[in-house]
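Everything below belongs to protein-v3.txt, which stores compact mmCIF, C-alpha atoms.
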```txt
# COMPACT_ATOMS: atom_id res chain seq x y z
CA MET A 1 -7.64 -16.29 26.81
CA VAL A 2 -5.41 -15.75 29.82
CA ASN A 3 -6.77 -18.87 31.52
CA THR A 4 -5.42 -21.12 28.82
CA LEU A 5 -1.87 -19.79 28.97
CA THR A 6 0.87 -21.78 30.61
CA ILE A 7 3.15 -19.97 33.05
CA GLU A 8 5.89 -19.96 30.46
CA GLU A 9 3.62 -18.48 27.80
CA LYS A 10 2.38 -15.84 30.21
CA LYS A 11 6.00 -14.86 30.84
CA ILE A 12 6.62 -14.41 27.13
CA TRP A 13 3.48 -12.29 26.67
CA ASP A 14 4.54 -10.12 29.62
CA ILE A 15 7.93 -9.58 28.00
CA LEU A 16 6.32 -8.72 24.66
CA GLU A 17 4.26 -6.10 26.50
CA THR A 18 7.50 -4.13 26.91
CA VAL A 19 8.21 -3.90 23.17
CA THR A 20 6.96 -0.62 21.74
CA ASP A 21 6.22 0.65 18.25
CA PRO A 22 9.29 2.66 17.16
CA GLU A 23 7.10 5.25 15.41
CA VAL A 24 4.42 5.59 18.09
CA PRO A 25 6.45 4.76 21.22
CA VAL A 26 3.50 4.99 23.65
CA LEU A 27 1.98 1.89 22.09
CA THR A 28 3.22 -1.58 22.84
CA ILE A 29 3.00 -4.20 20.16
CA LEU A 30 0.24 -5.83 22.17
CA ASP A 31 -1.74 -2.57 22.25
CA LEU A 32 -1.47 -2.51 18.47
CA GLY A 33 -2.65 -6.08 18.15
CA ILE A 34 0.15 -7.15 15.86
CA VAL A 35 1.25 -10.14 17.96
CA ARG A 36 -1.10 -12.89 16.85
CA ASP A 37 0.29 -15.88 18.72
CA VAL A 38 3.18 -17.27 20.70
CA LYS A 39 4.17 -20.91 20.41
CA ILE A 40 6.66 -22.72 22.57
CA SER A 41 8.07 -26.13 21.83
CA ASP A 42 11.20 -27.67 23.34
CA GLY A 43 12.39 -24.28 24.54
CA ALA A 44 12.15 -22.73 21.08
CA ILE A 45 9.82 -19.78 20.80
CA GLU A 46 7.88 -18.71 17.77
CA VAL A 47 6.30 -15.27 17.81
CA ILE A 48 3.72 -14.76 15.12
CA ILE A 49 3.18 -11.16 14.06
CA THR A 50 1.18 -9.43 11.36
CA PRO A 51 2.11 -6.11 9.73
CA THR A 52 -0.13 -3.08 10.19
CA TYR A 53 0.25 -1.63 6.69
CA THR A 54 1.90 -3.66 3.95
CA GLY A 55 4.78 -1.24 3.53
CA CYS A 56 5.20 -0.29 7.17
CA PRO A 57 8.97 0.17 7.61
CA ALA A 58 8.69 -0.29 11.38
CA MET A 59 7.97 -4.00 11.04
CA ASP A 60 11.61 -5.05 10.55
CA MET A 61 12.63 -3.06 13.59
CA ILE A 62 9.79 -4.50 15.67
CA ALA A 63 10.84 -8.04 14.75
CA MET A 64 14.42 -7.25 15.75
CA ASN A 65 13.32 -5.66 19.03
CA ILE A 66 11.26 -8.73 19.92
CA LYS A 67 14.33 -10.90 19.45
CA LEU A 68 16.50 -8.51 21.46
CA VAL A 69 14.21 -8.25 24.45
CA LEU A 70 13.62 -12.00 24.57
CA ALA A 71 17.39 -12.55 24.36
CA GLU A 72 17.83 -10.21 27.32
CA HIS A 73 15.55 -12.52 29.27
CA GLY A 74 17.57 -15.55 28.29
CA TYR A 75 15.49 -16.80 25.39
CA LYS A 76 17.94 -17.56 22.60
CA GLN A 77 15.93 -19.71 20.25
CA VAL A 78 13.42 -17.25 18.89
CA ARG A 79 11.77 -17.26 15.50
CA ILE A 80 9.57 -14.45 14.20
CA THR A 81 6.95 -15.45 11.67
CA SER A 82 4.96 -12.87 9.75
CA VAL A 83 1.45 -13.73 8.61
CA LEU A 84 -0.80 -11.60 6.40
CA SER A 85 -4.15 -13.22 6.96
CA PRO A 86 -6.45 -12.21 8.51
CA ALA A 87 -5.44 -8.67 7.60
CA TRP A 88 -4.65 -6.39 10.51
CA THR A 89 -7.36 -3.97 11.54
CA THR A 90 -7.54 -1.16 14.09
CA ASP A 91 -10.36 -3.17 15.69
CA TRP A 92 -7.56 -5.15 17.31
CA MET A 93 -6.16 -2.14 19.10
CA SER A 94 -6.66 -2.39 22.85
CA GLU A 95 -8.78 0.11 24.79
CA GLN A 96 -5.68 0.85 26.82
CA GLY A 97 -3.82 1.55 23.58
CA LYS A 98 -6.51 3.99 22.45
CA ARG A 99 -6.35 5.81 25.76
CA LYS A 100 -2.56 6.05 25.61
CA LEU A 101 -2.69 7.37 22.04
CA LYS A 102 -5.04 10.16 23.07
CA GLU A 103 -2.88 11.13 26.03
CA TYR A 104 0.07 11.23 23.63
CA GLY A 105 -1.81 13.71 21.40
CA ILE A 106 -2.86 11.33 18.63
CA ALA A 107 -6.59 10.84 18.05
CA PRO A 108 -7.36 7.09 18.37
CA PRO A 109 -9.11 5.22 15.55
CA ASN A 110 -12.88 5.43 15.40
CA PRO A 111 -14.91 2.23 15.37
CA LYS A 112 -14.71 0.68 11.97
CA GLN A 113 -18.17 1.10 10.49
CA GLN A 114 -17.64 4.83 10.04
CA ILE A 115 -15.32 4.73 7.04
CA CYS A 116 -13.80 2.63 4.34
CA SER A 117 -16.30 3.88 1.80
CA ASP A 118 -14.90 4.47 -1.65
CA LYS A 119 -17.16 7.47 -2.15
CA LEU A 120 -15.35 10.58 -3.29
CA PHE A 121 -15.49 13.73 -1.23
CA ALA A 122 -17.50 11.84 1.37
CA ALA A 123 -18.10 13.73 4.58
CA ASN A 124 -15.12 13.58 6.87
CA GLU A 125 -15.26 11.27 9.82
CA ALA A 126 -16.08 13.01 13.07
CA VAL A 127 -12.73 12.86 14.82
CA GLN A 128 -12.34 14.18 18.32
CA CYS A 129 -9.50 16.60 19.02
CA PRO A 130 -7.14 14.90 21.48
CA GLN A 131 -6.28 18.29 23.02
CA CYS A 132 -9.64 19.96 23.72
CA ASN A 133 -12.08 17.09 22.98
CA SER A 134 -14.00 19.10 20.39
CA TYR A 135 -15.54 17.25 17.48
CA HIS A 136 -15.34 20.46 15.50
CA THR A 137 -12.34 19.33 13.46
CA HIS A 138 -11.47 18.90 9.81
CA ARG A 139 -9.21 16.65 7.79
CA VAL A 140 -6.17 18.30 6.27
CA SER A 141 -4.93 15.21 4.46
CA GLU A 142 -5.78 11.54 4.38
CA PHE A 143 -2.07 10.72 4.46
CA GLY A 144 0.14 11.67 7.38
CA SER A 145 3.62 11.26 8.79
CA THR A 146 3.27 7.47 8.77
CA ALA A 147 1.06 5.13 6.76
CA CYS A 148 -1.28 4.63 9.70
CA LYS A 149 -2.10 8.29 10.32
CA ALA A 150 -4.05 11.15 8.74
CA LEU A 151 -3.62 14.86 9.37
CA TYR A 152 -6.40 16.80 11.09
CA GLN A 153 -6.85 20.22 12.58
CA CYS A 154 -9.13 21.33 15.38
CA ASP A 155 -11.41 24.25 14.45
CA ASP A 156 -11.87 25.23 18.09
CA CYS A 157 -8.42 25.14 19.68
CA LYS A 158 -6.78 25.37 16.21
CA GLU A 159 -4.28 22.68 17.12
CA PRO A 160 -3.18 20.39 14.26
CA PHE A 161 -3.08 16.73 15.22
CA ASP A 162 -2.54 13.22 13.91
CA TYR A 163 -5.43 10.80 13.63
CA PHE A 164 -4.65 7.09 13.78
CA LYS A 165 -6.96 6.14 10.95
CA CYS A 166 -9.47 3.38 11.18
CA HIS A 167 -8.31 0.58 8.95
CA MET B 1 -5.95 -23.18 -9.37
CA LYS B 2 -2.41 -23.32 -10.61
CA VAL B 3 0.11 -21.02 -9.00
CA VAL B 4 1.83 -19.18 -11.78
CA ILE B 5 5.18 -17.58 -10.98
CA ASP B 6 5.03 -15.26 -13.99
CA TYR B 7 1.70 -13.94 -12.78
CA ILE B 8 3.03 -13.15 -9.33
CA LEU B 9 6.06 -11.44 -10.86
CA HIS B 10 3.74 -9.41 -13.08
CA LEU B 11 1.82 -8.21 -10.02
CA ALA B 12 5.06 -7.47 -8.18
CA ASP B 13 6.63 -5.61 -11.11
CA SER B 14 3.72 -3.24 -11.66
CA ASN B 15 3.68 -2.35 -7.97
CA LEU B 16 7.44 -1.85 -7.85
CA ILE B 17 7.66 0.35 -10.94
CA LEU B 18 4.73 2.58 -9.95
CA SER B 19 6.20 2.83 -6.47
CA GLN B 20 9.51 3.93 -7.96
CA ARG B 21 7.79 6.51 -10.19
CA ASN B 22 5.78 7.96 -7.31
CA ALA B 23 8.89 8.08 -5.13
CA GLU B 24 10.42 10.45 -7.68
CA TRP B 25 8.00 13.05 -6.31
CA CYS B 26 9.61 12.88 -2.86
CA GLY B 27 10.54 16.47 -2.01
CA HIS B 28 8.94 17.79 -5.23
CA GLY B 29 5.21 17.56 -4.49
CA PRO B 30 3.09 20.66 -5.18
CA ILE B 31 2.45 21.15 -1.46
CA LEU B 32 3.78 19.35 1.58
CA GLU B 33 0.61 17.36 2.34
CA GLN B 34 0.42 16.02 -1.20
CA ASP B 35 4.13 15.28 -1.30
CA ILE B 36 3.50 13.14 1.79
CA ALA B 37 0.42 11.55 0.21
CA ILE B 38 2.12 10.45 -3.01
CA THR B 39 5.11 9.05 -1.13
CA ASN B 40 2.78 7.23 1.29
CA ILE B 41 1.18 5.60 -1.74
CA SER B 42 4.63 4.79 -3.06
CA LEU B 43 5.42 3.05 0.22
CA ASP B 44 2.19 1.04 0.16
CA LEU B 45 2.94 -0.11 -3.38
CA LEU B 46 6.48 -1.05 -2.41
CA GLY B 47 5.16 -3.11 0.48
CA GLN B 48 2.79 -4.91 -1.86
CA ALA B 49 5.61 -5.49 -4.34
CA ARG B 50 7.73 -6.98 -1.57
CA ASN B 51 4.96 -9.38 -0.54
CA PHE B 52 4.58 -10.59 -4.11
CA TYR B 53 8.36 -10.88 -4.68
CA GLN B 54 8.83 -12.75 -1.41
CA TYR B 55 6.13 -15.18 -2.40
CA ALA B 56 7.55 -15.56 -5.91
CA ALA B 57 11.02 -16.18 -4.47
CA THR B 58 9.76 -19.14 -2.45
CA LEU B 59 8.26 -20.60 -5.63
CA VAL B 60 11.30 -19.90 -7.81
CA GLY B 61 13.47 -21.56 -5.17
CA GLY B 62 17.25 -21.83 -5.24
CA LYS B 63 18.97 -18.59 -4.36
CA ALA B 64 16.09 -16.36 -5.42
CA THR B 65 15.14 -13.63 -2.96
CA GLU B 66 12.86 -10.61 -3.15
CA ASP B 67 16.00 -8.56 -3.82
CA SER B 68 17.34 -10.72 -6.63
CA LEU B 69 13.95 -10.61 -8.35
CA ALA B 70 13.68 -6.83 -8.07
CA TYR B 71 17.29 -5.89 -8.69
CA LEU B 72 18.77 -8.50 -10.97
CA ARG B 73 16.17 -9.12 -13.66
CA LYS B 74 16.51 -7.45 -17.03
CA GLU B 75 14.16 -5.06 -18.77
CA ARG B 76 12.66 -7.74 -21.01
CA GLU B 77 11.99 -9.93 -17.98
CA PHE B 78 9.84 -7.27 -16.31
CA LYS B 79 6.13 -7.83 -16.81
CA ASN B 80 4.69 -4.57 -15.53
CA HIS B 81 1.98 -2.66 -17.35
CA LEU B 82 3.15 0.05 -19.73
CA LEU B 83 0.99 2.55 -17.85
CA VAL B 84 3.03 2.45 -14.64
CA GLU B 85 6.37 3.10 -16.33
CA GLN B 86 5.20 6.30 -18.02
CA PRO B 87 6.96 9.45 -16.81
CA ASN B 88 5.48 11.51 -13.99
CA GLY B 89 4.97 14.51 -16.26
CA ASP B 90 3.09 17.16 -14.31
CA TRP B 91 0.84 16.60 -11.30
CA ALA B 92 -2.15 15.95 -13.59
CA GLN B 93 -0.36 13.15 -15.42
CA THR B 94 0.79 11.53 -12.17
CA ILE B 95 -2.73 11.78 -10.76
CA LEU B 96 -4.37 10.27 -13.82
CA ARG B 97 -1.85 7.41 -13.95
CA GLN B 98 -2.56 6.65 -10.29
CA PHE B 99 -6.33 6.87 -10.74
CA LEU B 100 -6.38 4.54 -13.75
CA PHE B 101 -4.11 2.06 -12.02
CA SER B 102 -5.79 2.16 -8.59
CA ASN B 103 -9.19 1.75 -10.21
CA TYR B 104 -7.96 -1.40 -11.96
CA GLN B 105 -6.07 -2.64 -8.90
CA HIS B 106 -9.08 -2.17 -6.63
CA LEU B 107 -11.26 -4.37 -8.83
CA LEU B 108 -8.46 -6.89 -9.29
CA TYR B 109 -7.78 -7.30 -5.58
CA GLU B 110 -11.48 -7.69 -4.88
CA GLN B 111 -11.29 -10.78 -7.08
CA LEU B 112 -7.89 -11.92 -5.95
CA GLN B 113 -8.78 -11.90 -2.24
CA ASN B 114 -10.98 -14.93 -2.98
CA HIS B 115 -8.34 -16.76 -5.02
CA LYS B 116 -7.78 -20.37 -4.13
CA ASP B 117 -4.10 -19.71 -3.61
CA GLU B 118 -4.14 -18.66 0.04
CA GLN B 119 -1.02 -16.51 -0.02
CA LEU B 120 -2.17 -14.53 -3.08
CA ALA B 121 -5.55 -14.08 -1.43
CA ALA B 122 -3.97 -12.89 1.83
CA ILE B 123 -1.72 -10.35 0.09
CA ALA B 124 -4.65 -9.02 -1.93
CA ALA B 125 -7.04 -8.78 1.03
CA LYS B 126 -4.53 -6.76 2.98
CA ALA B 127 -3.56 -4.55 0.05
CA LEU B 128 -7.18 -3.86 -0.87
CA LYS B 129 -7.64 -1.70 2.22
CA GLU B 130 -4.70 0.44 1.14
CA VAL B 131 -5.77 0.71 -2.50
CA ASN B 132 -9.11 2.00 -1.22
CA TYR B 133 -7.28 5.11 0.01
CA HIS B 134 -5.31 5.44 -3.24
CA LEU B 135 -8.43 5.25 -5.36
CA ARG B 136 -10.34 7.79 -3.30
CA TRP B 137 -7.41 10.18 -3.15
CA SER B 138 -6.59 10.03 -6.87
CA GLY B 139 -10.27 10.14 -7.90
CA GLU B 140 -10.81 13.29 -5.85
CA TRP B 141 -7.78 14.86 -7.48
CA VAL B 142 -9.00 14.07 -11.00
CA ILE B 143 -12.21 15.95 -10.16
CA ARG B 144 -10.39 18.77 -8.40
CA LEU B 145 -8.15 19.36 -11.43
CA GLY B 146 -10.74 18.72 -14.15
CA ASP B 147 -13.33 20.90 -12.44
CA GLY B 148 -10.72 23.42 -11.28
CA THR B 149 -9.27 26.23 -13.37
CA GLU B 150 -8.94 26.49 -17.14
CA GLU B 151 -5.24 25.68 -16.72
CA SER B 152 -5.81 22.57 -14.58
CA LEU B 153 -8.53 21.37 -16.96
CA GLN B 154 -6.20 21.70 -19.95
CA ARG B 155 -3.55 19.76 -18.08
CA MET B 156 -5.95 16.94 -17.25
CA LYS B 157 -6.97 16.77 -20.90
CA LYS B 158 -3.34 16.60 -21.94
CA ALA B 159 -2.73 13.84 -19.39
CA ILE B 160 -5.60 11.84 -20.89
CA ASP B 161 -4.06 12.33 -24.36
CA GLU B 162 -0.74 11.05 -23.06
CA LEU B 163 -1.91 8.09 -21.00
CA TRP B 164 -5.19 6.76 -22.35
CA ARG B 165 -3.45 4.59 -24.96
CA TYR B 166 -1.83 2.61 -22.12
CA SER B 167 -5.06 1.95 -20.24
CA GLY B 168 -6.31 -0.84 -22.51
CA GLU B 169 -3.51 -3.23 -21.57
CA LEU B 170 -4.83 -3.47 -18.01
CA PHE B 171 -7.80 -5.46 -19.29
CA ILE B 172 -6.23 -7.57 -22.04
CA PRO B 173 -5.41 -10.95 -20.51
CA ALA B 174 -1.90 -12.37 -20.77
CA GLU B 175 -1.36 -16.13 -20.90
CA TYR B 176 -0.15 -16.29 -17.31
CA GLU B 177 -3.21 -14.43 -16.10
CA LYS B 178 -5.46 -16.98 -17.76
CA GLU B 179 -3.41 -19.81 -16.27
CA ALA B 180 -3.78 -18.23 -12.84
CA GLY B 181 -7.54 -18.19 -13.30
CA ILE B 182 -7.87 -14.40 -13.38
CA ASP B 183 -9.80 -12.88 -16.27
CA VAL B 184 -8.97 -9.18 -16.28
CA SER B 185 -11.22 -8.57 -19.27
CA LEU B 186 -14.18 -9.06 -16.94
CA LEU B 187 -13.06 -6.07 -14.88
CA LYS B 188 -13.23 -3.65 -17.77
CA GLY B 189 -16.95 -2.83 -17.63
CA GLU B 190 -16.97 -1.83 -14.00
CA ALA B 191 -13.65 -0.02 -14.34
CA THR B 192 -15.01 2.03 -17.24
CA ASN B 193 -18.17 2.89 -15.29
CA LYS B 194 -16.11 4.23 -12.42
CA ILE B 195 -13.89 6.25 -14.74
CA LYS B 196 -16.97 7.66 -16.45
CA THR B 197 -18.54 8.69 -13.14
CA VAL B 198 -15.39 10.50 -12.08
CA PHE B 199 -14.74 12.02 -15.52
CA ASP B 200 -18.33 13.26 -15.74
CA GLU B 201 -17.95 15.08 -12.48
CA ALA B 202 -14.59 16.42 -13.58
CA GLY B 203 -15.90 17.69 -16.89
CA LEU B 204 -13.70 15.28 -18.82
CA ALA B 205 -14.52 12.79 -21.54
CA ILE B 206 -13.30 9.28 -22.16
CA PRO B 207 -11.53 9.35 -25.56
CA GLU B 208 -13.01 7.22 -28.30
CA ASN B 209 -11.28 5.06 -30.89
CA VAL B 210 -7.84 5.28 -29.36
CA PHE B 211 -5.23 2.77 -30.45
CA MET B 212 -4.22 0.77 -27.37
CA GLN B 213 -0.52 0.15 -26.93
CA THR B 214 0.31 -3.20 -25.34
CA GLY B 215 3.39 -5.31 -24.70
CA GLY B 216 4.49 -4.52 -21.15
CA LYS B 217 2.94 -7.65 -19.70
CA LYS B 218 4.99 -9.70 -22.15
CA GLY B 219 8.20 -7.80 -21.52
CA THR B 220 8.10 -5.41 -24.47
CA HIS B 221 8.32 -2.01 -22.87
CA THR B 222 8.42 1.65 -23.78
CA GLU B 223 11.85 3.25 -23.67
CA HIS B 224 11.18 4.53 -20.15
CA LEU B 225 11.54 1.26 -18.25
CA GLY B 226 15.24 0.92 -19.07
CA TYR B 227 15.96 4.27 -17.47
CA ILE B 228 13.93 3.40 -14.38
CA LEU B 229 15.77 0.11 -13.93
CA THR B 230 19.14 1.76 -14.51
CA GLU B 231 18.51 3.93 -11.48
CA LEU B 232 16.64 1.34 -9.41
CA GLN B 233 19.18 -1.43 -9.93
CA TYR B 234 22.35 0.66 -10.02
CA LEU B 235 23.59 -0.15 -6.54
CA GLN B 236 23.13 -3.93 -6.71
CA ARG B 237 24.58 -4.06 -10.22
CA THR B 238 27.62 -2.02 -9.24
CA TYR B 239 28.21 -3.49 -5.80
CA PRO B 240 26.66 -6.96 -5.99
CA GLY B 241 25.30 -8.17 -2.67
CA ALA B 242 25.69 -4.80 -0.94
CA THR B 243 23.65 -4.51 2.25
CA TRP B 244 22.85 -1.67 4.66
```
Rendering of file as C-alpha cells:
Amino acid sequence: MVNTLTIEEKKIWDILETVTDPEVPVLTILDLGIVRDVKISDGAIEVIITPTYTGCPAMDMIAMNIKLVLAEHGYKQVRITSVLSPAWTTDWMSEQGKRKLKEYGIAPPNPKQQICSDKLFAANEAVQCPQCNSYHTHRVSEFGSTACKALYQCDDCKEPFDYFKCH
Amino acid sequence: MKVVIDYILHLADSNLILSQRNAEWCGHGPILEQDIAITNISLDLLGQARNFYQYAATLVGGKATEDSLAYLRKEREFKNHLLVEQPNGDWAQTILRQFLFSNYQHLLYEQLQNHKDEQLAAIAAKALKEVNYHLRWSGEWVIRLGDGTEESLQRMKKAIDELWRYSGELFIPAEYEKEAGIDVSLLKGEATNKIKTVFDEAGLAIPENVFMQTGGKKGTHTEHLGYILTELQYLQRTYPGATW
C-alpha cells in the first residue's frame, strides 16, 4: 500500500499515527484500524474513519483530535467522514498494536475464529494473562470498562485484567 | 426497495427507549460487573439509535437532526415496541425484556444486513455483532435465574406473566415494515424456537393463549412512555437548543 502513496499522503498518514485512542492511550488510531482512507484534493483533506463499536463515545473525541493535530501541521481544510461498512473488526488491529496492548496490561484480541458463537455458556476463550503469560485464566464478565473490553482474571498470578475482545 | 422514514424511526425509537430503560440501572445493578454489563448494552443500543436517527434526519431533510428526532417528537409520534417501554421491575424482568428483544433484534438484523438500502444494511451489519453479545448475556441470565433458587424461579415466572403479552407485537407487521420489504412475521418461528430452547433449560414454560397487546408501533403506547419521554426530553424542552 505504501508504494502507492504520494509524498503528501504519506505525510498525512504519519501525522495520523500520532493520534491515540483516548480510552486506550497506547494505541494509535492506525493501530486500531479505524482510519480507512485519506483523500486529498486541491489541498482539502478528507479522513475516512469507521467506529469500533456503534456507541463508542471516544469516536467524537478522536474525530476532533484528528482535526486538531492536522491543524497544528498547517492543514486547515479537513473533513472527517464516518463510514459504517464494512463493519470494523479486531482483525484490522496491527501486530504492533497488539504488542503494545499487552505491554500496557491489556490482553490483545484473539484471532477471530475463536468466538462470536451465540451458544450459551460456551467454553470461555483461552485468553493469555498479559502479566504472567498463563492461559489459566477465566472470564469474570463479558462486559468491561469500555465497550471493547471484557473482564478476566488470571488463576495463576491472580491478577485481574482487561481483555480487548475479538469482534 | 423503498426507503421508509417511518420504518427507520421505528427502529431508532425502540433502540432509544430500551437504552434509556437500561440506563436507569446505572449505579443500581445487583453487582458491579452486571451494572457495567447492562449499561454497556444501553450504550450499544444508544449508538444504534443514533445511527438510525442520523440516517432518518438526512431523509427527513430541512432542519431535522438526530437530536430533534429524539428530543422533540411527541409520545404519539414514537413508534417503539410496547415491550421496550415496560418498567425495569426487578432484575428478572429487565433480563427477560432484554432477552425477548435481543432475540428478535438478532434475527431482524440478520435480515436487514442484506437489505437493498445500503445504509440500513451497514447499520444492521455492524449492530449485529453487538446484539450477539446482548443475546448471549441475557439468555444465560434467563437460565441462571430460572434454574437458580426457588426465589429466582418465581421472579422469572412473574416476569413472564408481566411481559409475555408484549412479545407478540414484535412479529406483527406494521404498514411501514411491509413497505420497507421486511416481514417480521417470518422471524417468529425461529424466535420462538430459541426462546423455547432457553426456557426449557431454565425450567420455564412459554405461556399459552395469552392476549397480545399491540399499538406501540403505531404510536399508541402504554402509560409508561410518557414518563420516559418527560425525563428524556426534559432538558431540550426546557432549554431549547442547549448544548454541552
Point to revise | Sphere at (-11.7, -0.6, 19.3), radius 9 Å, counting only C-alpha atoms: residues as a list in words | key: Thr90, Asp91, Trp92, Met93, Ser94, Glu95, Lys98, Pro108, Pro109, Asn110, Pro111 and Lys112 of chain A
Point to revise | Selection: 10 Å around segment 50-60 of chain A, only C-alpha atoms, excl. self and same-chain fewer than 4 positions, as a ChimeraX atom specification | key: /A:21-24,32-37,64-65,81-90,146-148,167 /B:40-51,123,126-127,129-130
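The coordinates place atom CA of Glu46 of chain A at 16.9 Å from atom CA of Met61 of chain A.
Counting only C-alpha atoms and comparing B:His115, B:Arg144, B:Lys63, B:His10, the residue that lies closest to Gly216 of chain B is B:His10.
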Review point. Pick from A:Thr28, A:Ser145, A:Gln153, A:Gln96: nearest to chain B, with only C-alpha atoms counted?
Key: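 Of A:Thr28, A:Ser145, A:Gln153, A:Gln96, the one nearest chain B is A:Ser145, counting only C-alpha atoms.
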Exercise for review: Determine the nearest neighbour of Met212 of chain B from the options B:Leu225, B:Leu83, B:Gln105, B:Asp200, counting only C-alpha atoms.
Suggested key: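 Closest candidate: B:Leu83.
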Review point. Atom CA of Leu153 of chain B and atom CA of Gly144 of chain A are how many Å apart?
Key: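 Spanning atom CA of Leu153 of chain B to atom CA of Gly144 of chain A is a straight-line distance of 27.6 Å.
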Practice item. Measure the distance from atom CA of Glu85 of chain B to atom CA of Ile17 of chain B in Å and round it to one decimal. Key: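 Answer for the atom CA of Glu85 of chain B to atom CA of Ile17 of chain B separation: 6.2 Å.
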Practice item. Would you mind listing what lies within 9 Å of Tyr75 of chain A as JSON, numbers by chain, with all atoms listed in the file counted and same-chain residues fewer than 3 positions away left out? Key: {"A": [43, 44, 45, 67, 69, 70, 71, 72, 78]}
